[in-house]
Amino acid sequence: MDITNIKGIGPEKAKKLMNAGYSTVESIAFSSPRDLSLDSGIPEETARTIIASAKLIIRSKENTKGGKLVEILSGKDAKKVLQNMDHITTGIKGLDRILGGGIETCAVTEFYGPAKAGKTQICHQLCVTVQLPREKGGLEAPALYIDTERTVKYDHIKSVAERFGLDPDLASDNVFYAYTMNSEALYELVHKNLDEVVQNRGIKLVVVDCLTGHFRAEYCGRESLPLRQQKINRIIHDLLRIAVSHDLAVVVTNQVHSQPDLYGKSENPIGGHTVAHGVTFRLGLSTRKYNMRTVTVVDAPALPPDEAYFAITSRGLIDINPKDLNSKCPIKFPGEGEIREREVESVEEAETVTD
Ligand SMILES: Nc1ncnc2c1ncn2[C@@H]1O[C@H](COP(=O)(O)OP(=O)(O)O)[C@@H](O)[C@H]1O
Ligand SMILES: [Mg+2]
C-alpha cells in the first residue's frame, strides 16, 4: 500500500518521506515522531499525527503478527500474538529444539563466534531453509543477504538447496544480495532502503554478515567508542523495527575479541551492552575437533541456556550427537562416504571381470 493512503500525507510530504527512506505504511507506523521529523524535515507534531493515521491502517490489516504490536493488547491477545510467531528451521534439529522451533520472526537473532566457527555457513543454510514449504519448516519466501566481508558463495547455496530438495537455480535466484563496503553504506542500506526492498520482494529473512566488522575496523580507540556504539545501536534498532513491521526474521553475525581474565582469556562478542541488549536471541558458536561445532543459546527471552552440536559439510550443516565430538575423523554428510565405497567396489568388480 502506498504511503499517500495515510491521512495527512500529500504528494509533497510523500516525497520528503520517501527520500528519507519511509516508503511503506509500516515504516511510518513503527517510527517515532522525533526520528520521522529529524529524517524527513516534517515538523514533529505533524509527524505524530501521520504516525497515528499509519497505525490505524496497520491495525486494520488481517494477516499481520508484528503489526498487532502497534497497539496496547490485552494479555489474552498478546499471548496469541507472541506465542504464534513463525519460525524458520535451521536444518539442524538439535538447534531448532533449543531455539523453540527455529529462528523466530519479528526478532533479531545473533550468532557470534571466532573465525571459522560457522557463522557464514549458518547464514547460507538459512537463506535456503526460509524457502522451504511451511510443512518442512520454511516460510516459502526469499532471503536477502547483506554481506560485509565478501564471503557469500552461490555455489554453496546451490549445494545446500539440492540437499533440501529445492531446485538449486531457483533457490539461489531467490537469495537477494547486497554488499556493503563500510559502516556508512551498511547504515544507509538498513535505514533507507531495506524497508522498501523487503516489502516489494516479500523477503522473510534478512541476514547481516557481519554486523560489527566494519565498525571494529573503522572506529579505533576509546574516544570513538560512544559514536560507534550509537551507530550500531541505530542499525539494530532499525533491523528490529523492520523485523516486527514485516513479520520477518533478522539474523546478524558478530565477531569476538579475546580478553585476558583470571583463567587465561575469554572470548567476548563485539559491541558490548549495545548488541547484548539490542538483539532478541543471542547464540554463541565454538569450534570443536575437525568440522564439528557447538552452538549455545546464551540469551533468549524465554529459553533456558542450552547447547546443540553440528558439523560443517559440503552440503551444509548437519546434526551430530555429543558422542560424535570424540570422533577420530571429520563427520561426513550421510551418504558421502558410502557413495565413495560403492564406486570403489564397482571398480574392483570391473577389474575382476577383465581378469
Ligand atoms: N563446502 C564446504 N565443505 C566443507 N566445509 C566447508 C565448506 N565451506 C566452508 N567450510 C568450512 O567452514 C568453516 C568456515 O565457516 P564460516 O561459516 O565461513 O566461518 P565464520 O563465518 O564463522 O568465520 C571452515 O572451517 C571451512 O573449512
Ligand atoms: Mg564469516
# chains A, B, ... in the order shown; residues from 1 in each chain; ligands from 1

call {"tool": "residues_around", "arguments": {"residues": "region 7-9 of chain A", "least_positions_apart": "6", "cutoff": "12 Å", "atoms": "only C-alpha atoms", "output": "list of chain:residue names"}}
result
A:Lys15, A:Lys16, A:Leu17, A:Met18, A:Tyr22, A:Ser23, A:Val25, A:Ile28, A:Ile42, A:Glu45, A:Thr46, A:Ala47, A:Arg48, A:Thr49, A:Ile50, A:Ile51, A:Ala52, A:Ser53, A:Ala54, A:Lys55, A:Leu56, A:Ile57

call {"tool": "residues_near_ligand", "arguments": {"ligand": "ligand 2", "cutoff": "7 Å", "atoms": "only C-alpha atoms and all ligand atoms", "output": "PyMOL selection string"}}
result
chain A and resi 115-116+118-120+151+209

call {"tool": "select_by_dssp", "arguments": {"residues": "region 72-167 of chain A", "states": "strand (DSSP E)", "output": "VMD selection string"}}
result
chain A and resid 87 to 88 103 to 104 107 to 112 143 to 147

call {"tool": "write_last_selection", "arguments": {"atoms": "N, CA and C atoms", "output": "compact mmCIF listing (two decimals), in the first residue's frame"}}
result
# COMPACT_ATOMS: atom_id res chain seq x y z
N HIS A 87 8.47 -19.53 12.67
CA HIS A 87 9.87 -19.89 12.84
C HIS A 87 10.43 -20.44 11.53
N ILE A 88 11.72 -20.27 11.34
CA ILE A 88 12.40 -20.85 10.17
C ILE A 88 13.31 -21.96 10.69
N ILE A 103 14.51 -20.23 13.96
CA ILE A 103 14.75 -18.79 14.04
C ILE A 103 13.40 -18.07 14.03
N GLU A 104 13.15 -17.27 15.05
CA GLU A 104 11.84 -16.64 15.19
C GLU A 104 11.72 -15.38 14.34
N ALA A 107 11.96 -10.74 15.20
CA ALA A 107 13.03 -10.70 16.19
C ALA A 107 14.38 -10.63 15.48
N VAL A 108 15.40 -10.23 16.26
CA VAL A 108 16.77 -10.23 15.72
C VAL A 108 17.56 -11.32 16.44
N THR A 109 18.14 -12.25 15.67
CA THR A 109 18.92 -13.34 16.25
C THR A 109 20.38 -13.13 15.90
N GLU A 110 21.23 -13.21 16.91
CA GLU A 110 22.67 -13.00 16.68
C GLU A 110 23.43 -14.32 16.85
N PHE A 111 24.34 -14.59 15.89
CA PHE A 111 25.28 -15.70 16.04
C PHE A 111 26.66 -15.08 16.19
N TYR A 112 27.32 -15.29 17.31
CA TYR A 112 28.67 -14.77 17.45
C TYR A 112 29.66 -15.91 17.62
N ALA A 143 15.15 -14.61 0.56
CA ALA A 143 16.01 -14.04 1.61
C ALA A 143 16.83 -12.90 1.02
N LEU A 144 17.32 -12.04 1.90
CA LEU A 144 18.28 -11.00 1.48
C LEU A 144 19.55 -11.19 2.29
N TYR A 145 20.67 -11.29 1.60
CA TYR A 145 21.96 -11.47 2.27
C TYR A 145 22.73 -10.16 2.20
N ILE A 146 22.91 -9.50 3.33
CA ILE A 146 23.74 -8.29 3.36
C ILE A 146 25.14 -8.73 3.80
N ASP A 147 26.06 -8.63 2.86
CA ASP A 147 27.40 -9.20 3.02
C ASP A 147 28.38 -8.06 3.25

call {"tool": "residues_around", "arguments": {"residues": "Val198 (chain A)", "least_positions_apart": "3", "cutoff": "10 Å", "atoms": "only C-alpha atoms", "output": "list in words"}}
result
Pro142, Ala143, Leu144, Phe176, Asn193, Leu194, Asp195, Arg201, Gly202, Ile203, Lys204, Leu205, Val206, Ile242, Ala243, His246 and Leu248 of chain A

call {"tool": "atom_distance", "arguments": {"atom1": "atom 13 (C, counted along the ligand's line) of ligand 1", "atom2": "CA of Cys127 (chain A)"}}
result
17.1 Å

call {"tool": "closest_residue", "arguments": {"among": "A:Leu283, A:Ile122, A:Ala217, A:Ala308", "to": "ligand 1", "atoms": "only C-alpha atoms and all ligand atoms"}}
result
A:Ile122

call {"tool": "closest_residue", "arguments": {"among": "A:Phe30, A:Tyr263, A:Tyr154, A:Tyr177", "to": "ligand 1", "atoms": "only C-alpha atoms and all ligand atoms"}}
result
A:Tyr154

call {"tool": "residues_around", "arguments": {"residues": "Asp319 (chain A)", "least_positions_apart": "4", "cutoff": "9 Å", "atoms": "only C-alpha atoms", "output": "list in words"}}
result
Gly91, Ile92, Lys93, Gly94, Leu95, Ala308, Tyr309, Phe310 and Ala311 of chain A

call {"tool": "write_last_selection", "arguments": {"atoms": "C-alpha atoms", "output": "PDB file, in the first residue's frame"}}
result
ATOM      1  CA  GLY A  91      18.073 -27.547   9.158  1.00  0.00           C
ATOM      2  CA  ILE A  92      19.762 -28.675  12.387  1.00  0.00           C
ATOM      3  CA  LYS A  93      17.184 -30.474  14.554  1.00  0.00           C
ATOM      4  CA  GLY A  94      19.165 -30.008  17.771  1.00  0.00           C
ATOM      5  CA  LEU A  95      19.408 -26.266  17.184  1.00  0.00           C
ATOM      6  CA  ALA A 308      23.489 -28.301  20.368  1.00  0.00           C
ATOM      7  CA  TYR A 309      26.131 -29.817  18.090  1.00  0.00           C
ATOM      8  CA  PHE A 310      26.598 -29.794  14.341  1.00  0.00           C
ATOM      9  CA  ALA A 311      29.143 -30.480  11.622  1.00  0.00           C
TER      10      ALA A 311
END

call {"tool": "closest_residue", "arguments": {"among": "A:Ser37, A:Asn174, A:Ser245, A:Thr253", "to": "ligand 1", "atoms": "only C-alpha atoms and all ligand atoms"}}
result
A:Thr253

call {"tool": "residues_around", "arguments": {"residues": "Thr287 (chain A)", "least_positions_apart": "4", "cutoff": "9 Å", "atoms": "only C-alpha atoms", "output": "CSV table (one decimal) with C-alpha atoms, in the first residue's frame"}}
result
chain,number,residue,atom,x,y,z
A,113,GLY,CA,31.9,-16.7,17.4
A,114,PRO,CA,35.6,-16.8,16.4
A,116,LYS,CA,35.7,-20.4,11.1
A,117,ALA,CA,33.1,-21.1,13.7
A,118,GLY,CA,30.4,-21.5,11.1
A,291,ASN,CA,34.4,-29.9,11.2
A,292,MET,CA,32.4,-30.1,14.4
A,293,ARG,CA,30.9,-27.1,16.2
A,294,THR,CA,28.9,-26.3,19.3

call {"tool": "closest_residue", "arguments": {"among": "A:Leu73, A:Ala14, A:Ile236, A:Val208", "to": "Ser40 (chain A)", "atoms": "only C-alpha atoms"}}
result
A:Ala14

call {"tool": "residues_around", "arguments": {"residues": "Ile331 (chain A)", "least_positions_apart": "2", "cutoff": "12 Å", "atoms": "only C-alpha atoms", "output": "PDB file with N, CA and C atoms, in the first residue's frame"}}
result
ATOM      1  N   ARG A 288      35.033 -27.122  17.541  1.00  0.00           N
ATOM      2  CA  ARG A 288      35.492 -28.362  18.184  1.00  0.00           C
ATOM      3  C   ARG A 288      36.425 -29.051  17.201  1.00  0.00           C
ATOM      4  N   LYS A 289      36.692 -30.341  17.434  1.00  0.00           N
ATOM      5  CA  LYS A 289      37.630 -31.028  16.529  1.00  0.00           C
ATOM      6  C   LYS A 289      37.102 -31.059  15.082  1.00  0.00           C
ATOM      7  N   TYR A 290      38.008 -31.045  14.109  1.00  0.00           N
ATOM      8  CA  TYR A 290      37.684 -31.166  12.676  1.00  0.00           C
ATOM      9  C   TYR A 290      36.583 -30.185  12.284  1.00  0.00           C
ATOM     10  N   ASN A 291      35.499 -30.739  11.685  1.00  0.00           N
ATOM     11  CA  ASN A 291      34.437 -29.859  11.204  1.00  0.00           C
ATOM     12  C   ASN A 291      33.278 -29.764  12.199  1.00  0.00           C
ATOM     13  N   MET A 292      33.534 -30.135  13.449  1.00  0.00           N
ATOM     14  CA  MET A 292      32.446 -30.134  14.438  1.00  0.00           C
ATOM     15  C   MET A 292      32.365 -28.806  15.191  1.00  0.00           C
ATOM     16  N   ARG A 293      31.155 -28.408  15.528  1.00  0.00           N
ATOM     17  CA  ARG A 293      30.935 -27.127  16.195  1.00  0.00           C
ATOM     18  C   ARG A 293      29.883 -27.269  17.288  1.00  0.00           C
ATOM     19  N   TYR A 309      24.868 -29.521  18.796  1.00  0.00           N
ATOM     20  CA  TYR A 309      26.131 -29.817  18.090  1.00  0.00           C
ATOM     21  C   TYR A 309      25.856 -30.041  16.614  1.00  0.00           C
ATOM     22  N   PHE A 310      26.776 -29.566  15.778  1.00  0.00           N
ATOM     23  CA  PHE A 310      26.598 -29.794  14.341  1.00  0.00           C
ATOM     24  C   PHE A 310      27.953 -29.927  13.667  1.00  0.00           C
ATOM     25  N   ALA A 311      27.906 -30.397  12.409  1.00  0.00           N
ATOM     26  CA  ALA A 311      29.143 -30.480  11.622  1.00  0.00           C
ATOM     27  C   ALA A 311      28.953 -29.703  10.333  1.00  0.00           C
ATOM     28  N   ILE A 312      30.048 -29.080   9.859  1.00  0.00           N
ATOM     29  CA  ILE A 312      30.011 -28.331   8.596  1.00  0.00           C
ATOM     30  C   ILE A 312      30.406 -29.291   7.479  1.00  0.00           C
ATOM     31  N   THR A 313      29.514 -29.490   6.502  1.00  0.00           N
ATOM     32  CA  THR A 313      29.824 -30.383   5.379  1.00  0.00           C
ATOM     33  C   THR A 313      29.612 -29.627   4.064  1.00  0.00           C
ATOM     34  N   SER A 314      30.005 -30.287   2.966  1.00  0.00           N
ATOM     35  CA  SER A 314      29.837 -29.643   1.661  1.00  0.00           C
ATOM     36  C   SER A 314      28.361 -29.429   1.312  1.00  0.00           C
ATOM     37  N   ARG A 315      27.460 -30.147   1.991  1.00  0.00           N
ATOM     38  CA  ARG A 315      26.018 -29.986   1.727  1.00  0.00           C
ATOM     39  C   ARG A 315      25.350 -29.151   2.806  1.00  0.00           C
ATOM     40  N   GLY A 316      26.151 -28.459   3.606  1.00  0.00           N
ATOM     41  CA  GLY A 316      25.579 -27.620   4.656  1.00  0.00           C
ATOM     42  C   GLY A 316      25.810 -28.205   6.036  1.00  0.00           C
ATOM     43  N   LEU A 317      25.044 -27.708   7.009  1.00  0.00           N
ATOM     44  CA  LEU A 317      25.261 -28.081   8.408  1.00  0.00           C
ATOM     45  C   LEU A 317      24.343 -29.226   8.791  1.00  0.00           C
ATOM     46  N   ILE A 318      24.919 -30.224   9.483  1.00  0.00           N
ATOM     47  CA  ILE A 318      24.110 -31.393   9.867  1.00  0.00           C
ATOM     48  C   ILE A 318      24.239 -31.660  11.366  1.00  0.00           C
ATOM     49  N   ASP A 319      23.207 -32.302  11.917  1.00  0.00           N
ATOM     50  CA  ASP A 319      23.208 -32.655  13.341  1.00  0.00           C
ATOM     51  C   ASP A 319      24.300 -33.666  13.643  1.00  0.00           C
ATOM     52  N   ILE A 320      24.918 -33.540  14.813  1.00  0.00           N
ATOM     53  CA  ILE A 320      25.747 -34.634  15.323  1.00  0.00           C
ATOM     54  C   ILE A 320      25.379 -34.863  16.786  1.00  0.00           C
ATOM     55  N   ASN A 321      25.755 -36.014  17.321  1.00  0.00           N
ATOM     56  CA  ASN A 321      25.484 -36.325  18.727  1.00  0.00           C
ATOM     57  C   ASN A 321      26.682 -35.909  19.567  1.00  0.00           C
ATOM     58  N   LYS A 323      28.382 -37.634  21.477  1.00  0.00           N
ATOM     59  CA  LYS A 323      29.456 -38.642  21.440  1.00  0.00           C
ATOM     60  C   LYS A 323      30.301 -38.538  20.160  1.00  0.00           C
ATOM     61  N   ASP A 324      29.716 -37.947  19.090  1.00  0.00           N
ATOM     62  CA  ASP A 324      30.478 -37.759  17.848  1.00  0.00           C
ATOM     63  C   ASP A 324      31.661 -36.806  18.057  1.00  0.00           C
ATOM     64  N   LEU A 325      31.582 -35.969  19.108  1.00  0.00           N
ATOM     65  CA  LEU A 325      32.653 -34.988  19.331  1.00  0.00           C
ATOM     66  C   LEU A 325      34.001 -35.675  19.568  1.00  0.00           C
ATOM     67  N   ASN A 326      33.956 -36.976  19.941  1.00  0.00           N
ATOM     68  CA  ASN A 326      35.216 -37.722  20.133  1.00  0.00           C
ATOM     69  C   ASN A 326      35.654 -38.450  18.875  1.00  0.00           C
ATOM     70  N   SER A 327      34.954 -38.235  17.780  1.00  0.00           N
ATOM     71  CA  SER A 327      35.268 -38.942  16.531  1.00  0.00           C
ATOM     72  C   SER A 327      36.738 -38.732  16.134  1.00  0.00           C
ATOM     73  N   LYS A 328      37.304 -39.757  15.487  1.00  0.00           N
ATOM     74  CA  LYS A 328      38.724 -39.686  15.101  1.00  0.00           C
ATOM     75  C   LYS A 328      38.896 -39.117  13.689  1.00  0.00           C
ATOM     76  N   CYS A 329      37.785 -38.752  13.075  1.00  0.00           N
ATOM     77  CA  CYS A 329      37.877 -38.161  11.730  1.00  0.00           C
ATOM     78  C   CYS A 329      36.704 -37.196  11.528  1.00  0.00           C
ATOM     79  N   PHE A 333      28.732 -35.912   5.388  1.00  0.00           N
ATOM     80  CA  PHE A 333      27.301 -35.825   5.098  1.00  0.00           C
ATOM     81  C   PHE A 333      26.804 -37.242   4.821  1.00  0.00           C
ATOM     82  N   PRO A 334      25.647 -37.657   5.392  1.00  0.00           N
ATOM     83  CA  PRO A 334      25.197 -39.034   5.210  1.00  0.00           C
ATOM     84  C   PRO A 334      25.175 -39.397   3.731  1.00  0.00           C
ATOM     85  N   GLY A 335      25.758 -40.547   3.412  1.00  0.00           N
ATOM     86  CA  GLY A 335      25.743 -40.977   2.015  1.00  0.00           C
ATOM     87  C   GLY A 335      27.055 -40.688   1.314  1.00  0.00           C
ATOM     88  N   GLU A 336      27.764 -39.604   1.725  1.00  0.00           N
ATOM     89  CA  GLU A 336      29.007 -39.240   1.022  1.00  0.00           C
ATOM     90  C   GLU A 336      30.033 -40.362   1.062  1.00  0.00           C
ATOM     91  N   GLY A 337      30.250 -40.914   2.290  1.00  0.00           N
ATOM     92  CA  GLY A 337      31.221 -41.988   2.441  1.00  0.00           C
ATOM     93  C   GLY A 337      30.818 -43.214   1.648  1.00  0.00           C
TER      94      GLY A 337
END

call {"tool": "closest_residue", "arguments": {"among": "A:Gly41, A:Pro304, A:Gly284, A:Gly102", "to": "ligand 1", "atoms": "only C-alpha atoms and all ligand atoms"}}
result
A:Gly284
